[in-house]
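Peer 1: Enclosed is the structure file entry-v2.txt (compact mmCIF, C-alpha atoms).
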```txt
# COMPACT_ATOMS: atom_id res chain seq x y z
CA MET A 21 59.47 -33.87 36.63
CA ALA A 22 60.95 -32.65 33.40
CA ILE A 23 58.50 -31.44 30.71
CA PRO A 24 58.64 -33.83 27.74
CA ARG A 25 59.78 -32.45 24.41
CA THR A 26 58.99 -33.64 20.91
CA ARG A 27 61.62 -32.95 18.26
CA GLY A 28 62.67 -29.75 20.00
CA ILE A 29 59.12 -28.41 20.52
CA SER A 30 58.01 -27.94 24.14
CA PHE A 31 54.85 -29.64 25.40
CA SER A 32 53.33 -26.25 26.28
CA ALA A 33 53.88 -25.04 22.74
CA LEU A 34 52.05 -28.08 21.43
CA LEU A 35 49.11 -27.33 23.74
CA LEU A 36 49.00 -23.74 22.50
CA ALA A 37 49.03 -24.86 18.88
CA TRP A 38 46.27 -27.38 19.57
CA ALA A 39 44.16 -24.71 21.30
CA CYS A 40 44.59 -22.35 18.34
CA PHE A 41 43.42 -25.16 16.07
CA LEU A 42 40.33 -25.85 18.16
CA LEU A 43 39.22 -22.23 18.69
CA PRO A 44 37.91 -21.61 15.15
CA ALA A 45 36.07 -24.92 15.26
CA ALA A 46 34.51 -24.13 18.64
CA HIS A 47 33.54 -20.67 17.38
CA GLY A 48 31.83 -22.25 14.41
CA LEU A 49 29.74 -24.40 16.72
CA ALA A 50 28.17 -21.31 18.35
CA ARG A 51 24.72 -21.00 16.73
CA GLU A 52 23.78 -17.55 15.49
CA GLU A 53 20.53 -15.97 16.69
CA THR A 54 17.76 -16.38 14.13
CA PRO A 55 15.72 -13.33 12.98
CA GLU A 56 12.74 -14.78 14.84
CA GLU A 57 14.71 -15.18 18.08
CA LYS A 58 16.16 -11.70 17.80
CA GLY A 59 12.75 -10.19 17.15
CA LEU A 60 11.34 -11.91 20.24
CA ARG A 61 14.32 -10.80 22.35
CA ILE A 62 13.79 -7.17 21.31
CA ALA A 63 10.08 -7.39 22.18
CA ARG A 64 10.84 -8.89 25.58
CA ASP A 65 13.45 -6.23 26.27
CA ALA A 66 11.01 -3.43 25.42
CA SER A 67 8.34 -5.01 27.63
CA ALA A 68 10.73 -5.51 30.56
CA ARG A 69 11.67 -1.83 30.52
CA ASN A 70 8.01 -0.96 31.15
CA GLU A 71 7.43 -3.33 34.07
CA GLY A 72 6.87 -2.23 37.64
CA PHE A 73 5.03 1.07 37.08
CA GLY A 74 2.06 -0.09 39.18
CA ASP A 75 -0.53 2.23 37.68
CA PHE A 76 -0.82 5.56 35.89
CA THR A 77 -3.41 8.10 34.81
CA ALA A 78 -3.40 10.65 32.00
CA GLY A 79 -5.58 13.12 30.15
CA MET A 80 -6.12 12.86 26.42
CA THR A 81 -7.43 14.96 23.56
CA MET A 82 -8.60 13.05 20.50
CA VAL A 83 -8.59 15.03 17.23
CA LEU A 84 -10.42 13.38 14.32
CA ARG A 85 -9.69 14.70 10.81
CA ASP A 86 -11.45 13.55 7.67
CA ARG A 87 -9.79 13.47 4.26
CA HIS A 88 -10.81 17.11 3.67
CA GLY A 89 -9.18 18.34 6.89
CA ARG A 90 -12.41 18.91 8.84
CA GLU A 91 -11.90 18.29 12.54
CA SER A 92 -13.84 17.18 15.59
CA VAL A 93 -12.35 17.10 19.08
CA ARG A 94 -13.03 14.89 22.09
CA GLN A 95 -11.66 14.97 25.62
CA MET A 96 -10.96 11.82 27.61
CA ARG A 97 -9.42 10.46 30.79
CA PHE A 98 -7.32 7.32 30.86
CA LYS A 99 -6.02 5.04 33.58
CA VAL A 100 -4.08 1.78 33.63
CA LEU A 101 -3.53 -0.82 36.34
CA GLU A 102 -0.57 -3.17 35.98
CA VAL A 103 -1.43 -6.84 36.55
CA ARG A 104 1.38 -9.22 37.46
CA GLY A 105 1.25 -12.49 35.56
CA ASP A 106 -1.36 -11.27 33.08
CA GLY A 107 -2.14 -8.33 30.81
CA ASP A 108 -2.86 -4.85 32.17
CA LYS A 109 -6.31 -3.34 32.78
CA SER A 110 -7.18 0.01 31.22
CA LEU A 111 -10.11 2.41 31.18
CA PHE A 112 -10.96 5.28 28.80
CA VAL A 113 -13.68 7.74 29.86
CA PHE A 114 -15.05 10.46 27.54
CA ASP A 115 -15.76 13.87 29.11
CA ARG A 116 -16.55 16.04 26.07
CA PRO A 117 -18.45 16.77 23.89
CA ARG A 118 -21.74 16.33 25.68
CA ASP A 119 -23.13 13.71 23.29
CA VAL A 120 -20.38 11.20 24.22
CA ALA A 121 -19.73 12.26 27.84
CA GLY A 122 -19.66 9.28 30.17
CA THR A 123 -18.95 6.75 27.42
CA ALA A 124 -16.26 4.39 28.72
CA LEU A 125 -14.13 1.57 27.34
CA LEU A 126 -12.81 -1.05 29.76
CA THR A 127 -10.13 -3.50 28.64
CA HIS A 128 -8.70 -6.52 30.42
CA ALA A 129 -5.65 -7.54 28.37
CA HIS A 130 -4.43 -11.12 28.67
CA ALA A 131 -1.08 -12.71 27.95
CA ASN A 132 -2.26 -16.05 26.56
CA THR A 133 -5.97 -15.67 25.82
CA PRO A 134 -8.04 -13.10 23.87
CA ASP A 135 -8.50 -9.73 25.55
CA ASP A 136 -11.83 -8.77 27.13
CA GLN A 137 -13.38 -5.39 26.28
CA TRP A 138 -16.63 -3.69 27.35
CA LEU A 139 -18.13 -0.40 26.18
CA TYR A 140 -20.50 1.56 28.43
CA LEU A 141 -23.06 3.76 26.62
CA PRO A 142 -24.66 6.17 29.12
CA ALA A 143 -27.54 7.11 26.81
CA LEU A 144 -28.63 3.45 26.83
CA LYS A 145 -27.37 2.78 30.37
CA ARG A 146 -25.95 -0.37 28.93
CA VAL A 147 -22.63 -2.23 29.02
CA LYS A 148 -21.82 -3.91 25.69
CA ARG A 149 -19.18 -6.57 25.34
CA ILE A 150 -16.90 -6.05 22.34
CA ASN A 151 -16.82 -9.42 20.61
CA ALA A 152 -13.55 -10.63 19.12
CA SER A 153 -14.99 -10.27 15.61
CA ARG A 154 -15.70 -6.56 16.27
CA ARG A 155 -12.31 -5.60 17.69
CA SER A 156 -11.10 -4.49 14.26
CA GLY A 157 -13.93 -1.94 14.10
CA SER A 158 -13.49 1.81 14.61
CA PHE A 159 -13.26 3.04 18.20
CA MET A 160 -15.80 5.86 18.53
CA GLY A 161 -15.44 6.91 14.88
CA SER A 162 -11.65 7.30 15.07
CA GLU A 163 -8.92 5.68 12.95
CA PHE A 164 -7.98 3.60 16.00
CA SER A 165 -9.69 0.25 16.30
CA TYR A 166 -10.78 -1.37 19.55
CA GLU A 167 -7.82 -3.68 19.05
CA ASP A 168 -5.47 -0.67 18.91
CA MET A 169 -6.76 0.55 22.29
CA SER A 170 -5.81 -2.69 24.05
CA PRO A 171 -2.44 -2.80 25.90
CA PRO A 172 -0.13 -5.05 23.83
CA GLU A 173 1.34 -8.22 25.33
CA VAL A 174 4.48 -9.96 24.06
CA GLU A 175 2.76 -13.35 24.00
CA GLU A 176 0.11 -12.13 21.53
CA TYR A 177 2.56 -12.10 18.58
CA THR A 178 5.37 -13.91 16.85
CA TYR A 179 8.32 -11.80 15.75
CA LYS A 180 10.98 -11.41 13.10
CA TYR A 181 13.93 -9.00 13.12
CA LEU A 182 14.39 -7.29 9.75
CA ARG A 183 17.21 -4.75 9.98
CA ASP A 184 18.75 -1.77 11.74
CA GLU A 185 18.42 1.67 10.17
CA PRO A 186 18.50 5.36 11.10
CA CYS A 187 15.23 6.95 12.24
CA GLY A 188 15.73 10.69 12.53
CA GLU A 189 18.69 11.31 14.83
CA LEU A 190 18.42 7.84 16.36
CA ASP A 191 19.24 4.30 15.28
CA CYS A 192 16.28 1.93 15.16
CA THR A 193 15.65 -1.77 14.91
CA VAL A 194 12.92 -2.75 12.48
CA THR A 195 10.89 -5.86 13.34
CA GLU A 196 7.79 -7.62 12.06
CA GLN A 197 5.03 -8.68 14.43
CA PHE A 198 2.46 -11.31 13.47
CA PRO A 199 -0.74 -11.51 15.59
CA LEU A 200 -1.57 -14.97 16.88
CA ASP A 201 -5.26 -14.08 17.18
CA ARG A 202 -6.93 -15.23 13.97
CA LYS A 203 -9.63 -12.59 14.46
CA SER A 204 -7.12 -9.74 14.57
CA GLY A 205 -7.77 -7.01 12.02
CA TYR A 206 -4.09 -7.14 11.04
CA SER A 207 -1.97 -9.70 9.24
CA ARG A 208 1.27 -8.09 10.44
CA LYS A 209 2.86 -4.97 11.85
CA ILE A 210 6.25 -3.46 11.05
CA VAL A 211 7.67 -1.62 14.07
CA TRP A 212 10.53 0.89 14.42
CA GLN A 213 12.08 1.08 17.93
CA ASP A 214 15.19 3.00 18.93
CA THR A 215 18.10 0.83 20.02
CA GLY A 216 18.78 2.84 23.18
CA GLU A 217 15.46 2.93 25.02
CA ARG A 218 13.29 0.62 22.86
CA ARG A 219 10.71 3.38 22.36
CA THR A 220 8.36 2.81 19.42
CA TRP A 221 8.49 5.63 16.85
CA LYS A 222 6.55 4.20 13.92
CA MET A 223 4.28 1.25 13.20
CA GLU A 224 2.94 0.17 9.82
CA LEU A 225 -0.28 -1.85 10.06
CA TYR A 226 -1.29 -4.30 7.32
CA ASP A 227 -4.83 -5.62 6.86
CA ARG A 228 -5.78 -9.28 6.51
CA LYS A 229 -5.22 -9.09 2.74
CA GLY A 230 -1.65 -7.86 3.27
CA SER A 231 -2.28 -4.26 2.16
CA HIS A 232 -0.71 -1.34 4.03
CA LEU A 233 -3.81 -0.01 5.79
CA LYS A 234 -2.59 2.45 8.44
CA THR A 235 0.55 4.03 9.87
CA LEU A 236 0.90 5.00 13.53
CA THR A 237 3.63 7.49 14.52
CA PHE A 238 4.78 8.58 17.98
CA ALA A 239 6.28 11.91 19.11
CA ASN A 240 7.14 14.08 22.12
CA TYR A 241 8.38 11.36 24.44
CA ARG A 242 9.00 12.20 28.09
CA GLN A 243 10.49 10.06 30.84
CA TYR A 244 8.74 9.54 34.18
CA LEU A 245 10.13 8.20 37.46
CA ASP A 246 13.55 8.19 35.73
CA ARG A 247 12.52 5.06 33.84
CA TYR A 248 9.18 4.99 32.03
CA TRP A 249 8.84 6.67 28.63
CA ARG A 250 5.48 7.88 27.34
CA ALA A 251 4.72 9.54 24.00
CA GLY A 252 2.95 12.89 24.18
CA GLN A 253 1.37 12.41 20.76
CA GLN A 254 0.25 9.52 18.58
CA THR A 255 -1.03 9.95 15.02
CA MET A 256 -2.89 7.23 13.14
CA LYS A 257 -3.16 7.76 9.39
CA ASN A 258 -5.57 5.65 7.34
CA HIS A 259 -4.15 5.21 3.85
CA LEU A 260 -7.42 3.85 2.48
CA THR A 261 -9.71 6.72 3.54
CA GLY A 262 -7.22 9.58 3.89
CA ALA A 263 -8.57 10.30 7.40
CA SER A 264 -6.41 10.54 10.53
CA THR A 265 -6.73 10.66 14.30
CA VAL A 266 -4.32 12.38 16.69
CA LEU A 267 -4.11 11.50 20.38
CA LYS A 268 -2.52 14.21 22.52
CA TRP A 269 -1.55 13.00 26.00
CA THR A 270 -1.11 15.22 29.07
CA ASP A 271 -0.70 15.06 32.83
CA PHE A 272 0.80 11.60 33.27
CA ARG A 273 0.73 10.57 36.93
CA PHE A 274 2.19 7.31 38.19
CA ARG A 275 1.52 5.20 41.28
CA ASN A 276 -1.82 6.63 42.28
CA ASN A 277 -2.83 3.58 44.34
CA LEU A 278 -5.59 2.65 41.89
CA GLN A 279 -7.72 -0.31 42.95
CA ASP A 280 -8.79 -3.35 40.98
CA SER A 281 -12.42 -2.51 41.82
CA GLU A 282 -12.14 0.55 39.54
CA PHE A 283 -11.65 -1.74 36.53
CA THR A 284 -14.78 -3.89 36.66
CA ARG A 285 -17.97 -4.02 34.60
CA PRO A 286 -20.17 -2.76 37.50
CA ALA A 287 -17.79 0.18 37.98
CA LEU A 288 -18.46 1.31 34.39
CA ARG A 289 -21.97 2.38 35.37
CA ARG A 290 -20.55 4.59 38.15
CA VAL A 291 -18.01 6.38 35.96
CA ARG A 292 -18.28 10.16 36.16
```
Could you render the structure from this file as C-alpha cells?
Peer 2:
Amino acid sequence: MAIPRTRGISFSALLLAWACFLLPAAHGLAREETPEEKGLRIARDASARNEGFGDFTAGMTMVLRDRHGRESVRQMRFKVLEVRGDGDKSLFVFDRPRDVAGTALLTHAHANTPDDQWLYLPALKRVKRINASRRSGSFMGSEFSYEDMSPPEVEEYTYKYLRDEPCGELDCTVTEQFPLDRKSGYSRKIVWQDTGERRTWKMELYDRKGSHLKTLTFANYRQYLDRYWRAGQQTMKNHLTGASTVLKWTDFRFRNNLQDSEFTRPALRRVR
C-alpha cells in the first residue's frame, strides 16, 4: 500500500516531526531527584558497599589529649558480628592500663528501634545498661560518646544532599544527616564521603542547640578482602573543651567465625 503524503511531506517525516515535538515535553515530565532522596540514596549506597563481611576483629589504641596536650593511652580489642535484617553487634574490651582492664562495652544496634548498650565494670563485677538518655555521655572519659561507638544504621536518620566539592585529592559529596532518635545528643551531622568508594573522611557533629560541637576525621584507609575499606585512624576534636581523642586501629581480620554467643550480656562477665 502506498504511503500517504500530505502536501508533499511524507508520512514518516510527519511522525519524526511529531516525535521531536513530544521529546522535550516527555523530558520535562521526568521528575528530578530531591536533595532528600539523593542524600538517602548516597547513604544506602555506602551501606550496601559494607554488607556481607560476616564479622571482623581489630586492635585499637585510644589516645586522650586534654586542651593542654597532656596525654593518656588505653589499649583495646574490638569485634563486630554482622546481623542480617537488623543492626550489627559489637564489643569493645579494654586491656590496658590496669585500672580499666576488663571493662567492656557491648552494643546491639537496631535498624528501626533504639540501640541496646551494656557496660561491664570488672571492679564492681556488674553489667550496667546504658540508658537512652545517657548515650550522649562520654565513653570512658574520651571525646567519643556512647552513641558514637554504636554502628550506624541507615534507618536511624533522614538525609539531605548539600553539594559536591573537592576533599584533598578526591571529590566528595556533602550530606546532612538528622537523627530520628529524639534522645540523640546531636541535632544533625554533616558528612563528607568520596564519590568513588563512599568512604567517610570528615563528619561535623552539632549539639541539640545547633552549635558545632565536635569534628570527626578519618585517615589511613586500607581495603580488605578486595572490597571493605577501614580507616586506620579516627580523630574526634571537641570544639567546646579543646580536648581530642585519637583512635588508632590495627590488625583487622575478617571472617573469623565469631559466634552470636560472644555478644551477650552473660558473656561480658567472661571477657578476658
Peer 1: Can you pull out every residue within 8 Å of Val211 in chain A, counting only C-alpha atoms, but drop anything in the same chain fewer than 5 positions away, and send it as a list in words?
Peer 2: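 Within the cut-off, the hits are Val194, Thr195, Glu196, Gln197, Thr220, Trp221, Lys222, Met223 and Glu224 of chain A.
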Peer 1: Smallest atom-to-atom distance to Thr193 in chain A: which of A:Gly122, A:Gly107, A:Gly72, A:Gly216, using only C-alpha atoms?
Peer 2: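 Among the listed residues, A:Gly216 lies closest to Thr193 in chain A.
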Peer 1: Would you mind reading off the distance between CA of Tyr181 in chain A and CA of Pro55 in chain A, one decimal, in Å?
Peer 2: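 For CA of Tyr181 in chain A relative to CA of Pro55 in chain A, the distance reads 4.7 Å.
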Peer 1: Quick one: distance from CA of Leu288 in chain A to CA of Asn151 in chain A in Å, one decimal?
Peer 2: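 About the pair CA of Leu288 in chain A and CA of Asn151 in chain A: they are 17.5 Å apart.
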Peer 1: At a cut-off of 8 Å from (-8.7, -5.7, 11.6) in the coordinates of the file, what residues are picked up using all atoms listed in the file, written as a PDB file with C-alpha atoms, in the frame of the given file?
Peer 2:
```
ATOM      1  CA  ARG A 155     -12.310  -5.600  17.690  1.00  0.00           C
ATOM      2  CA  SER A 156     -11.100  -4.490  14.260  1.00  0.00           C
ATOM      3  CA  GLY A 157     -13.930  -1.940  14.100  1.00  0.00           C
ATOM      4  CA  SER A 165      -9.690   0.250  16.300  1.00  0.00           C
ATOM      5  CA  GLU A 167      -7.820  -3.680  19.050  1.00  0.00           C
ATOM      6  CA  LYS A 203      -9.630 -12.590  14.460  1.00  0.00           C
ATOM      7  CA  SER A 204      -7.120  -9.740  14.570  1.00  0.00           C
ATOM      8  CA  GLY A 205      -7.770  -7.010  12.020  1.00  0.00           C
ATOM      9  CA  TYR A 206      -4.090  -7.140  11.040  1.00  0.00           C
ATOM     10  CA  ASP A 227      -4.830  -5.620   6.860  1.00  0.00           C
ATOM     11  CA  ARG A 228      -5.780  -9.280   6.510  1.00  0.00           C
TER      12      ARG A 228
END
```
Peer 1: Give me, please, the distance in Å between CA of Val147 in chain A and CA of Gly105 in chain A, quoted to one decimal.
Peer 2: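 Separation of CA of Val147 in chain A and CA of Gly105 in chain A: 26.8 Å.
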Peer 1: Smallest atom-to-atom distance to Thr270 in chain A: which of A:Tyr248, A:Phe73, A:Tyr241, A:Tyr226, using all atoms listed in the file?
Peer 2: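 Between A:Tyr248, A:Phe73, A:Tyr241, A:Tyr226, the residue approaching Thr270 in chain A most closely is A:Tyr241.
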Peer 1: Quick one: residues within 10 Å of Glu185 in chain A, only C-alpha atoms counted, chain neighbours fewer than 4 positions away excluded, as a VMD selection string?
Peer 2: chain A and resid 190 to 194 212 214 to 215
Peer 1: With distances taken over only C-alpha atoms, which of A:Pro171, A:Gly188, A:Pro199, A:Gly252 is nearest to Asn70 in chain A?
Peer 2: A:Pro171
Peer 1: Pick the closest to Met96 in chain A from A:His232, A:Arg290, A:Lys268, A:Arg275: which is it, counting only C-alpha atoms?
Peer 2: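 That would be A:Lys268, the residue with the smallest distance to Met96 in chain A.
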Peer 1: With distances taken over only C-alpha atoms, which residue among A:Phe272, A:Tyr166, A:Phe283, A:Tyr177 lies nearest Ala78 in chain A?
Peer 2: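 For Ala78 in chain A, the nearest of the candidates is A:Phe272.
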Peer 1: Can you tell me, as a PDB file with C-alpha atoms, keeping the file's coordinate frame, what residues are no more than 8 Å from Thr127 in chain A when counting only C-alpha atoms, ignoring any on the same chain fewer than 4 positions away?
Peer 2:
```
ATOM      1  CA  LYS A 109      -6.310  -3.340  32.780  1.00  0.00           C
ATOM      2  CA  SER A 110      -7.180   0.010  31.220  1.00  0.00           C
ATOM      3  CA  LEU A 111     -10.110   2.410  31.180  1.00  0.00           C
ATOM      4  CA  ASP A 135      -8.500  -9.730  25.550  1.00  0.00           C
ATOM      5  CA  ASP A 136     -11.830  -8.770  27.130  1.00  0.00           C
ATOM      6  CA  GLN A 137     -13.380  -5.390  26.280  1.00  0.00           C
ATOM      7  CA  TRP A 138     -16.630  -3.690  27.350  1.00  0.00           C
ATOM      8  CA  SER A 170      -5.810  -2.690  24.050  1.00  0.00           C
TER       9      SER A 170
END
```
Peer 1: Counting all atoms listed in the file, figure out which residue out of A:His259, A:Arg273, A:Arg146, A:Arg289 gets nearest to Gly79 in chain A.
Peer 2: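 Under the stated criterion, the closest residue is A:Arg273.
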